[in-house]
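K.L.:
Before I ask anything, here is the structure I am working with.
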Amino acid sequence: MFRTKRTGLVRRLWRSRAPVEGDGEADTRTHGSGGCCMGKSTKVAGKTSAGTEAELKALTHSILKKIKEKQLEGLLQAVESKGGARSPCLLLPSKVDTKLGQQSYSLPLLLYKVFRWSDLRHCSELKRLSCCESYGKINPELVCCNPHHMSRLCELESPPPPYSRYPMDFLKPPDSQALQESGDRSHWCVVAYWEEKTRVGRLYSVQEPSLDIFYDLPQGNGFCLGQLSSDNKSPLVQMVRTKIGYGIQLSREDDGVWVYNRSCYPIFIKSATLDNPDSRTLLVHKVFPGFSIKAFDFEKADSLQRPNDHEFTQQPRTGFTVQISFVKGWGQCYTRQFISSCPCWLEVIFNNR
């Protein structure tokens, strides 16, 4: 039977749909034990019945067959590379509703569910990445439906669980005036990469609004950790280094600095603006793959300068920092009490001038 190119693209896309829990293919690393930050539980959809699966397939095929071939190719590139390759926006009508069984979904929500998160319930659970054409637009006629231009929104629990609290620790590198070392006043932050207690490579000065930090990323452009020369022979460091994969995306936006976990493993973040202003300790926040977290708030940081705060009084000229560890966490519930014991981690130092 003659098969058109469009039909072939649609079939490939359907085969690349997001798995659901219980079908034997679901990647547990996507959800972790809780599916969100700090162990917050997210109910994951169970295996669909044969009828629902057939209905979903028919509905998805009917939608995809109405999309232009060039758009299907872009969507397939995004889905098959799992967001690793640069893919164009998929601009489709935002106000078209689809019905699956007794439930109605907007067109963007349905495509996000089919190709990224089968447990997604509402678009309010998502954050659009700043690289997307639809970023910042309110109720546009056409909206990007590329599922890899979106991230799950990491919502912090209150109060935080006690196991994530630990005494303040702040490792100062030998060259503590890091912003002076960079010698560039036009940047908004610098990034240092550490393996345990040793900094690897030079400071990376960030001038663009967003930065990809990765070990191995197709068409990667940014801070490639895989190109750095390291003498660390620790098996744990070498193992974690390879698991960094697509890494993270660091973006400066109107409301603060966001971190998007593009990798297949959790990352761990400590930031003063993620904490309760009255707390005497900072928290370590676990961020699962596919989630974004507002890691730093400049306005809130100005109000957090407390006279007895060790972290701020020790660095009056270098601004504020965020610490990010790949794969391995630290704190009271881990054998690693301090981030300097983590195999691979980042220090993001903001320019507050």
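Residues in the structure tokens are named by chain (A, B, ... in the order shown) and by number from 1 within that chain; ligands are numbered from 1 in the order shown.
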Which neighbours of A:Leu111 fall inside 10 Å, counting only C-alpha atoms, when residues of the same chain fewer than 2 positions from it are skipped, and could you give them as a list of chain:residue names?
P.N.:
A:Arg17, A:Thr60, A:Ile63, A:Leu64, A:Tyr105, A:Ser106, A:Leu107, A:Pro108, A:Leu109, A:Lys113, A:Val114, A:Phe115, A:Arg116, A:Trp117, A:Ser118, A:Cys145, A:Asn146, A:Pro147
K.L.:
Write to file, as a PDB file, in the first residue's frame, the residues of the selection just made, with C-alpha atoms.
P.N.:
```pdb
ATOM      1  CA  ARG A  17       4.904   9.075  22.552  1.00  0.00           C
ATOM      2  CA  THR A  60      -3.664  12.005  18.001  1.00  0.00           C
ATOM      3  CA  ILE A  63      -4.628  15.991  14.810  1.00  0.00           C
ATOM      4  CA  LEU A  64      -1.162  15.251  13.458  1.00  0.00           C
ATOM      5  CA  TYR A 105      -8.294  19.118  26.510  1.00  0.00           C
ATOM      6  CA  SER A 106      -6.880  22.121  24.761  1.00  0.00           C
ATOM      7  CA  LEU A 107      -4.782  21.246  21.739  1.00  0.00           C
ATOM      8  CA  PRO A 108      -1.482  22.247  23.414  1.00  0.00           C
ATOM      9  CA  LEU A 109      -2.305  20.298  26.587  1.00  0.00           C
ATOM     10  CA  LYS A 113       0.418  14.846  27.502  1.00  0.00           C
ATOM     11  CA  VAL A 114       0.971  12.574  24.523  1.00  0.00           C
ATOM     12  CA  PHE A 115       4.601  13.440  23.866  1.00  0.00           C
ATOM     13  CA  ARG A 116       6.048  14.503  27.227  1.00  0.00           C
ATOM     14  CA  TRP A 117       4.028  13.996  30.422  1.00  0.00           C
ATOM     15  CA  SER A 118       1.189  11.460  30.410  1.00  0.00           C
ATOM     16  CA  CYS A 145       2.837  23.202  21.134  1.00  0.00           C
ATOM     17  CA  ASN A 146       6.399  21.853  21.055  1.00  0.00           C
ATOM     18  CA  PRO A 147       6.480  19.795  24.283  1.00  0.00           C
TER      19      PRO A 147
END
```
K.L.:
Using atom CA of A:Asp97 and atom CA of A:Arg121 as the two end points, give the distance in Å to one decimal.
P.N.:
14.5 Å
K.L.:
Can you pull out every residue from stretch 260-300 of chain A that DSSP, working from the backbone, puts in strand (DSSP E or B), and format the result as a PDB file with all heavy atoms, in the first residue's frame?
P.N.:
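This went into selection21.pdb:
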```
ATOM      1  N   TYR A 260      16.422  24.988  34.631  1.00  0.00           N
ATOM      2  CA  TYR A 260      15.643  23.919  34.015  1.00  0.00           C
ATOM      3  C   TYR A 260      16.510  22.675  33.941  1.00  0.00           C
ATOM      4  O   TYR A 260      17.603  22.699  33.373  1.00  0.00           O
ATOM      5  CB  TYR A 260      15.189  24.362  32.617  1.00  0.00           C
ATOM      6  CG  TYR A 260      14.623  23.285  31.734  1.00  0.00           C
ATOM      7  CD1 TYR A 260      13.695  22.361  32.219  1.00  0.00           C
ATOM      8  CD2 TYR A 260      14.984  23.193  30.394  1.00  0.00           C
ATOM      9  CE1 TYR A 260      13.163  21.372  31.394  1.00  0.00           C
ATOM     10  CE2 TYR A 260      14.461  22.222  29.555  1.00  0.00           C
ATOM     11  CZ  TYR A 260      13.544  21.314  30.064  1.00  0.00           C
ATOM     12  OH  TYR A 260      13.021  20.339  29.250  1.00  0.00           O
ATOM     13  N   ASN A 261      16.044  21.594  34.535  1.00  0.00           N
ATOM     14  CA  ASN A 261      16.787  20.338  34.542  1.00  0.00           C
ATOM     15  C   ASN A 261      16.506  19.567  33.257  1.00  0.00           C
ATOM     16  O   ASN A 261      15.456  18.964  33.092  1.00  0.00           O
ATOM     17  CB  ASN A 261      16.407  19.497  35.764  1.00  0.00           C
ATOM     18  CG  ASN A 261      17.241  18.229  35.877  1.00  0.00           C
ATOM     19  OD1 ASN A 261      18.140  17.997  35.079  1.00  0.00           O
ATOM     20  ND2 ASN A 261      16.945  17.413  36.871  1.00  0.00           N
ATOM     21  N   ILE A 267      18.737  17.060  40.044  1.00  0.00           N
ATOM     22  CA  ILE A 267      19.763  17.999  40.471  1.00  0.00           C
ATOM     23  C   ILE A 267      19.352  18.534  41.834  1.00  0.00           C
ATOM     24  O   ILE A 267      18.189  18.413  42.243  1.00  0.00           O
ATOM     25  CB  ILE A 267      19.955  19.162  39.481  1.00  0.00           C
ATOM     26  CG1 ILE A 267      18.642  19.965  39.329  1.00  0.00           C
ATOM     27  CG2 ILE A 267      20.460  18.656  38.139  1.00  0.00           C
ATOM     28  CD1 ILE A 267      18.788  21.222  38.495  1.00  0.00           C
ATOM     29  N   PHE A 268      20.306  19.114  42.558  1.00  0.00           N
ATOM     30  CA  PHE A 268      20.052  19.608  43.910  1.00  0.00           C
ATOM     31  C   PHE A 268      20.533  21.053  43.987  1.00  0.00           C
ATOM     32  O   PHE A 268      21.634  21.372  43.533  1.00  0.00           O
ATOM     33  CB  PHE A 268      20.764  18.734  44.934  1.00  0.00           C
ATOM     34  CG  PHE A 268      20.319  17.295  44.909  1.00  0.00           C
ATOM     35  CD1 PHE A 268      20.820  16.400  43.961  1.00  0.00           C
ATOM     36  CD2 PHE A 268      19.370  16.832  45.809  1.00  0.00           C
ATOM     37  CE1 PHE A 268      20.397  15.082  43.911  1.00  0.00           C
ATOM     38  CE2 PHE A 268      18.945  15.515  45.777  1.00  0.00           C
ATOM     39  CZ  PHE A 268      19.449  14.636  44.831  1.00  0.00           C
ATOM     40  N   ILE A 269      19.686  21.913  44.546  1.00  0.00           N
ATOM     41  CA  ILE A 269      19.962  23.349  44.524  1.00  0.00           C
ATOM     42  C   ILE A 269      19.866  23.939  45.920  1.00  0.00           C
ATOM     43  O   ILE A 269      18.937  23.633  46.682  1.00  0.00           O
ATOM     44  CB  ILE A 269      18.971  24.082  43.595  1.00  0.00           C
ATOM     45  CG1 ILE A 269      19.152  23.606  42.153  1.00  0.00           C
ATOM     46  CG2 ILE A 269      19.160  25.592  43.666  1.00  0.00           C
ATOM     47  CD1 ILE A 269      18.249  24.305  41.154  1.00  0.00           C
ATOM     48  N   LYS A 270      20.813  24.806  46.239  1.00  0.00           N
ATOM     49  CA  LYS A 270      20.753  25.613  47.457  1.00  0.00           C
ATOM     50  C   LYS A 270      20.815  27.080  47.061  1.00  0.00           C
ATOM     51  O   LYS A 270      21.724  27.503  46.354  1.00  0.00           O
ATOM     52  CB  LYS A 270      21.908  25.287  48.395  1.00  0.00           C
ATOM     53  CG  LYS A 270      21.777  25.988  49.764  1.00  0.00           C
ATOM     54  CD  LYS A 270      23.055  25.896  50.576  1.00  0.00           C
ATOM     55  CE  LYS A 270      24.064  26.920  50.093  1.00  0.00           C
ATOM     56  NZ  LYS A 270      25.245  27.012  50.992  1.00  0.00           N
ATOM     57  N   SER A 271      19.820  27.835  47.508  1.00  0.00           N
ATOM     58  CA  SER A 271      19.766  29.264  47.203  1.00  0.00           C
ATOM     59  C   SER A 271      19.086  29.989  48.343  1.00  0.00           C
ATOM     60  O   SER A 271      18.070  29.522  48.876  1.00  0.00           O
ATOM     61  CB  SER A 271      18.990  29.506  45.901  1.00  0.00           C
ATOM     62  OG  SER A 271      18.725  30.881  45.722  1.00  0.00           O
ATOM     63  N   LEU A 282      19.821  27.132  55.390  1.00  0.00           N
ATOM     64  CA  LEU A 282      19.325  27.045  54.028  1.00  0.00           C
ATOM     65  C   LEU A 282      18.899  25.610  53.730  1.00  0.00           C
ATOM     66  O   LEU A 282      19.320  24.676  54.395  1.00  0.00           O
ATOM     67  CB  LEU A 282      20.401  27.500  53.039  1.00  0.00           C
ATOM     68  CG  LEU A 282      20.862  28.952  53.163  1.00  0.00           C
ATOM     69  CD1 LEU A 282      21.851  29.283  52.053  1.00  0.00           C
ATOM     70  CD2 LEU A 282      19.680  29.903  53.118  1.00  0.00           C
ATOM     71  N   LEU A 283      18.069  25.455  52.705  1.00  0.00           N
ATOM     72  CA  LEU A 283      17.548  24.149  52.329  1.00  0.00           C
ATOM     73  C   LEU A 283      18.186  23.675  51.039  1.00  0.00           C
ATOM     74  O   LEU A 283      18.588  24.472  50.190  1.00  0.00           O
ATOM     75  CB  LEU A 283      16.032  24.214  52.131  1.00  0.00           C
ATOM     76  CG  LEU A 283      15.202  24.781  53.287  1.00  0.00           C
ATOM     77  CD1 LEU A 283      13.747  24.831  52.881  1.00  0.00           C
ATOM     78  CD2 LEU A 283      15.395  23.942  54.530  1.00  0.00           C
ATOM     79  N   HIS A 285      17.171  21.764  47.726  1.00  0.00           N
ATOM     80  CA  HIS A 285      15.955  21.435  46.992  1.00  0.00           C
ATOM     81  C   HIS A 285      16.275  20.450  45.877  1.00  0.00           C
ATOM     82  O   HIS A 285      17.190  20.676  45.078  1.00  0.00           O
ATOM     83  CB  HIS A 285      15.325  22.699  46.407  1.00  0.00           C
ATOM     84  CG  HIS A 285      14.948  23.707  47.435  1.00  0.00           C
ATOM     85  ND1 HIS A 285      13.691  23.780  48.000  1.00  0.00           N
ATOM     86  CD2 HIS A 285      15.681  24.674  48.046  1.00  0.00           C
ATOM     87  CE1 HIS A 285      13.651  24.753  48.888  1.00  0.00           C
ATOM     88  NE2 HIS A 285      14.843  25.315  48.934  1.00  0.00           N
ATOM     89  N   LYS A 286      15.523  19.370  45.830  1.00  0.00           N
ATOM     90  CA  LYS A 286      15.704  18.348  44.800  1.00  0.00           C
ATOM     91  C   LYS A 286      14.788  18.655  43.615  1.00  0.00           C
ATOM     92  O   LYS A 286      13.582  18.823  43.787  1.00  0.00           O
ATOM     93  CB  LYS A 286      15.382  16.963  45.372  1.00  0.00           C
ATOM     94  CG  LYS A 286      15.666  15.797  44.436  1.00  0.00           C
ATOM     95  CD  LYS A 286      15.401  14.473  45.161  1.00  0.00           C
ATOM     96  CE  LYS A 286      15.776  13.272  44.313  1.00  0.00           C
ATOM     97  NZ  LYS A 286      15.535  11.998  45.032  1.00  0.00           N
ATOM     98  N   VAL A 287      15.360  18.737  42.428  1.00  0.00           N
ATOM     99  CA  VAL A 287      14.602  19.071  41.228  1.00  0.00           C
ATOM    100  C   VAL A 287      14.721  17.914  40.243  1.00  0.00           C
ATOM    101  O   VAL A 287      15.817  17.579  39.787  1.00  0.00           O
ATOM    102  CB  VAL A 287      15.132  20.375  40.584  1.00  0.00           C
ATOM    103  CG1 VAL A 287      14.296  20.737  39.365  1.00  0.00           C
ATOM    104  CG2 VAL A 287      15.119  21.519  41.596  1.00  0.00           C
ATOM    105  N   PHE A 291      11.826  19.415  35.143  1.00  0.00           N
ATOM    106  CA  PHE A 291      11.247  20.462  35.981  1.00  0.00           C
ATOM    107  C   PHE A 291      12.107  21.726  35.965  1.00  0.00           C
ATOM    108  O   PHE A 291      13.323  21.674  35.781  1.00  0.00           O
ATOM    109  CB  PHE A 291      11.114  19.972  37.421  1.00  0.00           C
ATOM    110  CG  PHE A 291       9.921  19.088  37.653  1.00  0.00           C
ATOM    111  CD1 PHE A 291       9.935  17.755  37.245  1.00  0.00           C
ATOM    112  CD2 PHE A 291       8.781  19.572  38.262  1.00  0.00           C
ATOM    113  CE1 PHE A 291       8.852  16.938  37.455  1.00  0.00           C
ATOM    114  CE2 PHE A 291       7.680  18.759  38.477  1.00  0.00           C
ATOM    115  CZ  PHE A 291       7.710  17.439  38.070  1.00  0.00           C
ATOM    116  N   SER A 292      11.437  22.853  36.167  1.00  0.00           N
ATOM    117  CA  SER A 292      12.110  24.144  36.316  1.00  0.00           C
ATOM    118  C   SER A 292      11.848  24.692  37.707  1.00  0.00           C
ATOM    119  O   SER A 292      10.778  24.477  38.285  1.00  0.00           O
ATOM    120  CB  SER A 292      11.587  25.165  35.293  1.00  0.00           C
ATOM    121  OG  SER A 292      12.137  24.945  34.019  1.00  0.00           O
ATOM    122  N   ILE A 293      12.825  25.417  38.236  1.00  0.00           N
ATOM    123  CA  ILE A 293      12.678  26.047  39.545  1.00  0.00           C
ATOM    124  C   ILE A 293      13.234  27.461  39.476  1.00  0.00           C
ATOM    125  O   ILE A 293      14.246  27.708  38.809  1.00  0.00           O
ATOM    126  CB  ILE A 293      13.403  25.231  40.634  1.00  0.00           C
ATOM    127  CG1 ILE A 293      13.101  25.791  42.021  1.00  0.00           C
ATOM    128  CG2 ILE A 293      14.904  25.186  40.393  1.00  0.00           C
ATOM    129  CD1 ILE A 293      13.601  24.905  43.156  1.00  0.00           C
ATOM    130  N   LYS A 294      12.552  28.384  40.114  1.00  0.00           N
ATOM    131  CA  LYS A 294      13.034  29.764  40.204  1.00  0.00           C
ATOM    132  C   LYS A 294      14.112  29.784  41.277  1.00  0.00           C
ATOM    133  O   LYS A 294      13.847  29.917  42.459  1.00  0.00           O
ATOM    134  CB  LYS A 294      11.899  30.711  40.559  1.00  0.00           C
ATOM    135  CG  LYS A 294      12.279  32.178  40.521  1.00  0.00           C
ATOM    136  CD  LYS A 294      11.061  33.038  40.844  1.00  0.00           C
ATOM    137  CE  LYS A 294      11.412  34.507  40.887  1.00  0.00           C
ATOM    138  NZ  LYS A 294      10.228  35.332  41.226  1.00  0.00           N
ATOM    139  N   ALA A 295      15.354  29.658  40.822  1.00  0.00           N
ATOM    140  CA  ALA A 295      16.460  29.438  41.742  1.00  0.00           C
ATOM    141  C   ALA A 295      16.929  30.710  42.428  1.00  0.00           C
ATOM    142  O   ALA A 295      17.543  30.642  43.495  1.00  0.00           O
ATOM    143  CB  ALA A 295      17.636  28.798  41.002  1.00  0.00           C
ATOM    144  N   PHE A 296      16.666  31.856  41.832  1.00  0.00           N
ATOM    145  CA  PHE A 296      17.175  33.094  42.426  1.00  0.00           C
ATOM    146  C   PHE A 296      16.273  34.261  42.075  1.00  0.00           C
ATOM    147  O   PHE A 296      15.826  34.398  40.937  1.00  0.00           O
ATOM    148  CB  PHE A 296      18.599  33.370  41.956  1.00  0.00           C
ATOM    149  CG  PHE A 296      19.342  34.323  42.847  1.00  0.00           C
ATOM    150  CD1 PHE A 296      19.862  33.898  44.059  1.00  0.00           C
ATOM    151  CD2 PHE A 296      19.525  35.637  42.479  1.00  0.00           C
ATOM    152  CE1 PHE A 296      20.547  34.772  44.887  1.00  0.00           C
ATOM    153  CE2 PHE A 296      20.206  36.519  43.294  1.00  0.00           C
ATOM    154  CZ  PHE A 296      20.722  36.080  44.507  1.00  0.00           C
TER     155      PHE A 296
END
```
